[in-house]
Structure formats: C-alpha cells, structure tokens
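Raw contents of data_4.pdb, PDB, C-alpha atoms:
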ATOM      1  CA  ILE J 264     -49.636 -52.384   1.180
ATOM      2  CA  GLN J 265     -49.855 -56.019   2.222
ATOM      3  CA  LEU J 266     -49.455 -58.726  -0.408
ATOM      4  CA  SER J 267     -49.957 -62.454  -0.115
ATOM      5  CA  SER J 268     -46.710 -63.906  -1.457
ATOM      6  CA  PRO J 269     -43.083 -63.016  -2.195
ATOM      7  CA  ARG J 270     -43.838 -63.148  -5.929
ATOM      8  CA  ALA J 271     -46.651 -60.614  -5.482
ATOM      9  CA  VAL J 272     -44.334 -58.369  -3.450
ATOM     10  CA  ILE J 273     -41.644 -58.546  -6.140
ATOM     11  CA  SER J 274     -44.214 -57.770  -8.847
ATOM     12  CA  GLY J 275     -45.403 -54.783  -6.820
ATOM     13  CA  VAL J 276     -41.862 -53.476  -6.451
ATOM     14  CA  ALA J 277     -41.226 -54.000 -10.181
ATOM     15  CA  ALA J 278     -44.432 -52.034 -10.908
ATOM     16  CA  GLY J 279     -43.143 -49.102  -8.860
ATOM     17  CA  LEU J 280     -45.317 -49.499  -5.763
ATOM     18  CA  GLY J 281     -42.361 -49.059  -3.421
ATOM     19  CA  LEU J 282     -39.608 -51.122  -1.924
ATOM     20  CA  SER J 283     -39.657 -54.254   0.161
ATOM     21  CA  TRP J 284     -37.620 -56.871   1.926
ATOM     22  CA  VAL J 285     -37.652 -60.384   0.423
ATOM     23  CA  SER J 286     -35.203 -63.266   0.368
ATOM     24  CA  GLY J 287     -32.537 -63.307  -2.304
ATOM     25  CA  TRP J 288     -33.744 -66.723  -3.360
ATOM     26  CA  SER J 289     -37.247 -65.376  -3.996
ATOM     27  CA  ALA J 290     -35.939 -62.419  -5.950
ATOM     28  CA  GLN J 291     -33.181 -64.064  -7.987
ATOM     29  CA  ASP J 292     -35.105 -64.317 -11.282
ATOM     30  CA  ALA J 293     -36.398 -60.732 -11.141
ATOM     31  CA  LEU J 294     -32.900 -59.524 -10.242
ATOM     32  CA  LYS J 295     -31.323 -61.406 -13.188
ATOM     33  CA  LEU J 296     -33.944 -60.011 -15.574
ATOM     34  CA  GLY J 297     -33.378 -56.486 -14.282
ATOM     35  CA  TYR J 298     -36.958 -55.947 -13.106
ATOM     36  CA  ILE J 299     -35.744 -54.991  -9.636
ATOM     37  CA  LYS J 300     -32.428 -54.221  -7.993
ATOM     38  CA  ALA J 301     -30.944 -55.174  -4.645
ATOM     39  CA  ILE J 302     -29.857 -52.428  -2.284
ATOM     40  CA  PRO J 303     -27.296 -53.665   0.271
ATOM     41  CA  VAL J 304     -27.714 -52.256   3.778
ATOM     42  CA  LYS J 305     -24.270 -51.777   5.281
ATOM     43  CA  GLY J 306     -23.805 -53.305   8.719
ATOM     44  CA  PHE J 307     -27.198 -55.008   8.769
ATOM     45  CA  ARG J 308     -27.407 -58.791   8.843
ATOM     46  CA  VAL J 309     -30.580 -60.842   8.881
ATOM     47  CA  GLU J 310     -30.711 -64.373  10.179
ATOM     48  CA  ARG J 311     -33.635 -66.738   9.767
ATOM     49  CA  SER J 312     -34.701 -69.707  11.828
ATOM     50  CA  PHE J 313     -35.600 -72.949  10.114
ATOM     51  CA  TYR J 314     -37.380 -75.869  11.680
ATOM     52  CA  LEU J 315     -37.289 -79.555  10.871
ATOM     53  CA  ALA J 316     -40.452 -81.574  11.263
ATOM     54  CA  THR J 317     -40.700 -85.357  11.274
ATOM     55  CA  ARG J 318     -43.524 -87.750  11.994
ATOM     56  CA  THR J 319     -43.577 -89.200  15.458
ATOM     57  CA  ASN J 320     -43.317 -92.980  15.851
ATOM     58  CA  ARG J 321     -41.837 -93.339  12.374
ATOM     59  CA  HIS J 322     -38.624 -95.177  11.520
ATOM     60  CA  LEU J 323     -35.981 -92.898   9.999
ATOM     61  CA  SER J 324     -33.764 -94.280   7.252
ATOM     62  CA  PRO J 325     -29.983 -94.212   7.736
ATOM     63  CA  LEU J 326     -29.750 -91.428   5.131
ATOM     64  CA  THR J 327     -32.360 -89.360   6.968
ATOM     65  CA  LYS J 328     -30.556 -89.910  10.275
ATOM     66  CA  ALA J 329     -27.257 -88.825   8.701
ATOM     67  CA  PHE J 330     -28.871 -85.700   7.251
ATOM     68  CA  LEU J 331     -30.481 -84.867  10.597
ATOM     69  CA  SER J 332     -27.126 -85.317  12.335
ATOM     70  CA  PHE J 333     -25.456 -83.031   9.772
ATOM     71  CA  LEU J 334     -28.081 -80.326  10.299
ATOM     72  CA  LEU J 335     -27.823 -80.458  14.074
ATOM     73  CA  GLU J 336     -24.021 -80.270  13.978
ATOM     74  CA  SER J 337     -24.103 -77.286  11.592
ATOM     75  CA  LYS J 338     -25.828 -74.930  14.055
TER
END

Kindly present the structure from the file in structure tokens form.
Amino acid sequence: IQLSSPRAVISGVAAGLGLSWVSGWSAQDALKLGYIKAIPVKGFRVERSFYLATRTNRHLSPLTKAFLSFLLESK
C-alpha cells in the first residue's frame, strides 16, 4: 500500500494494515498513546540527509550566519 503522508502511514499501521518505517518524530504521539509500537532493529542504523536553502543575492543576518556556521561545523 502507498499512502500520502507519515500520518496516514501511522494511521494505517494503527488500523492493522501492516508495518512501516517512519521517523520517530512523526510517530511520537501515536507511540505515547499506545496506538503503535516501535520495533528496534539490532545493528541497523539509518542516516538522513538534510539540505539548507537560502535565497541568492540576499543579505544574511549575523544570527543566520552564526547558525549556518554551526550547521556546517557539525557535519
């Protein structure tokens, strides 16, 4: 089955349609309420890539520059 959003996937899992892979952040409310449960997979680690987008030819504030510097140093 293909669903359009993480919330739809979580609802499908809670309804008994199967199991799925979603982010912990997306599932945190359903996990706390007991609608679904997390199943750890031993020895399996998932990493995600995130991208930062800014407008070209736009002045960045000192705070934005500091945040950008922090992100780039945290790789």

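Picture a line from CA of Leu282 in chain J to CA of Leu296 in chain J; it runs 17.2 Å.
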
Starting from the PyMOL selection byres ((chain J and resi 268-275) around 8), expand the selection into actual residues of this file and give them as an mmCIF file with C-alpha atoms, keeping the file's coordinate frame.
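Dumped to out-v2.cif:
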data_model
loop_
_atom_site.group_PDB
_atom_site.id
_atom_site.type_symbol
_atom_site.label_atom_id
_atom_site.label_comp_id
_atom_site.auth_asym_id
_atom_site.auth_seq_id
_atom_site.Cartn_x
_atom_site.Cartn_y
_atom_site.Cartn_z
ATOM 1 C CA LEU J 266 -49.455 -58.726 -0.408
ATOM 2 C CA SER J 267 -49.957 -62.454 -0.115
ATOM 3 C CA VAL J 276 -41.862 -53.476 -6.451
ATOM 4 C CA ALA J 277 -41.226 -54.000 -10.181
ATOM 5 C CA ALA J 278 -44.432 -52.034 -10.908
ATOM 6 C CA GLY J 279 -43.143 -49.102 -8.860
ATOM 7 C CA LEU J 280 -45.317 -49.499 -5.763
ATOM 8 C CA GLY J 281 -42.361 -49.059 -3.421
ATOM 9 C CA SER J 283 -39.657 -54.254 0.161
ATOM 10 C CA VAL J 285 -37.652 -60.384 0.423
ATOM 11 C CA SER J 289 -37.247 -65.376 -3.996
ATOM 12 C CA ALA J 290 -35.939 -62.419 -5.950
ATOM 13 C CA ALA J 293 -36.398 -60.732 -11.141
ATOM 14 C CA ILE J 299 -35.744 -54.991 -9.636
#

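Taking CA of Leu323 in chain J and CA of Arg311 in chain J as endpoints, the distance between them is 26.3 Å.
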
What separates CA of Ile302 in chain J and CA of Ser286 in chain J is a distance of 12.4 Å

Hey, can I get the axis-aligned box for range 332-338 of chain J? All listed atoms, 5 Å padding on each side, centre and edge lengths in Å to one decimal, as JSON.
{"center_x": -26.1, "center_y": -80.1, "center_z": 11.9, "size_x": 14.1, "size_y": 20.4, "size_z": 14.3}
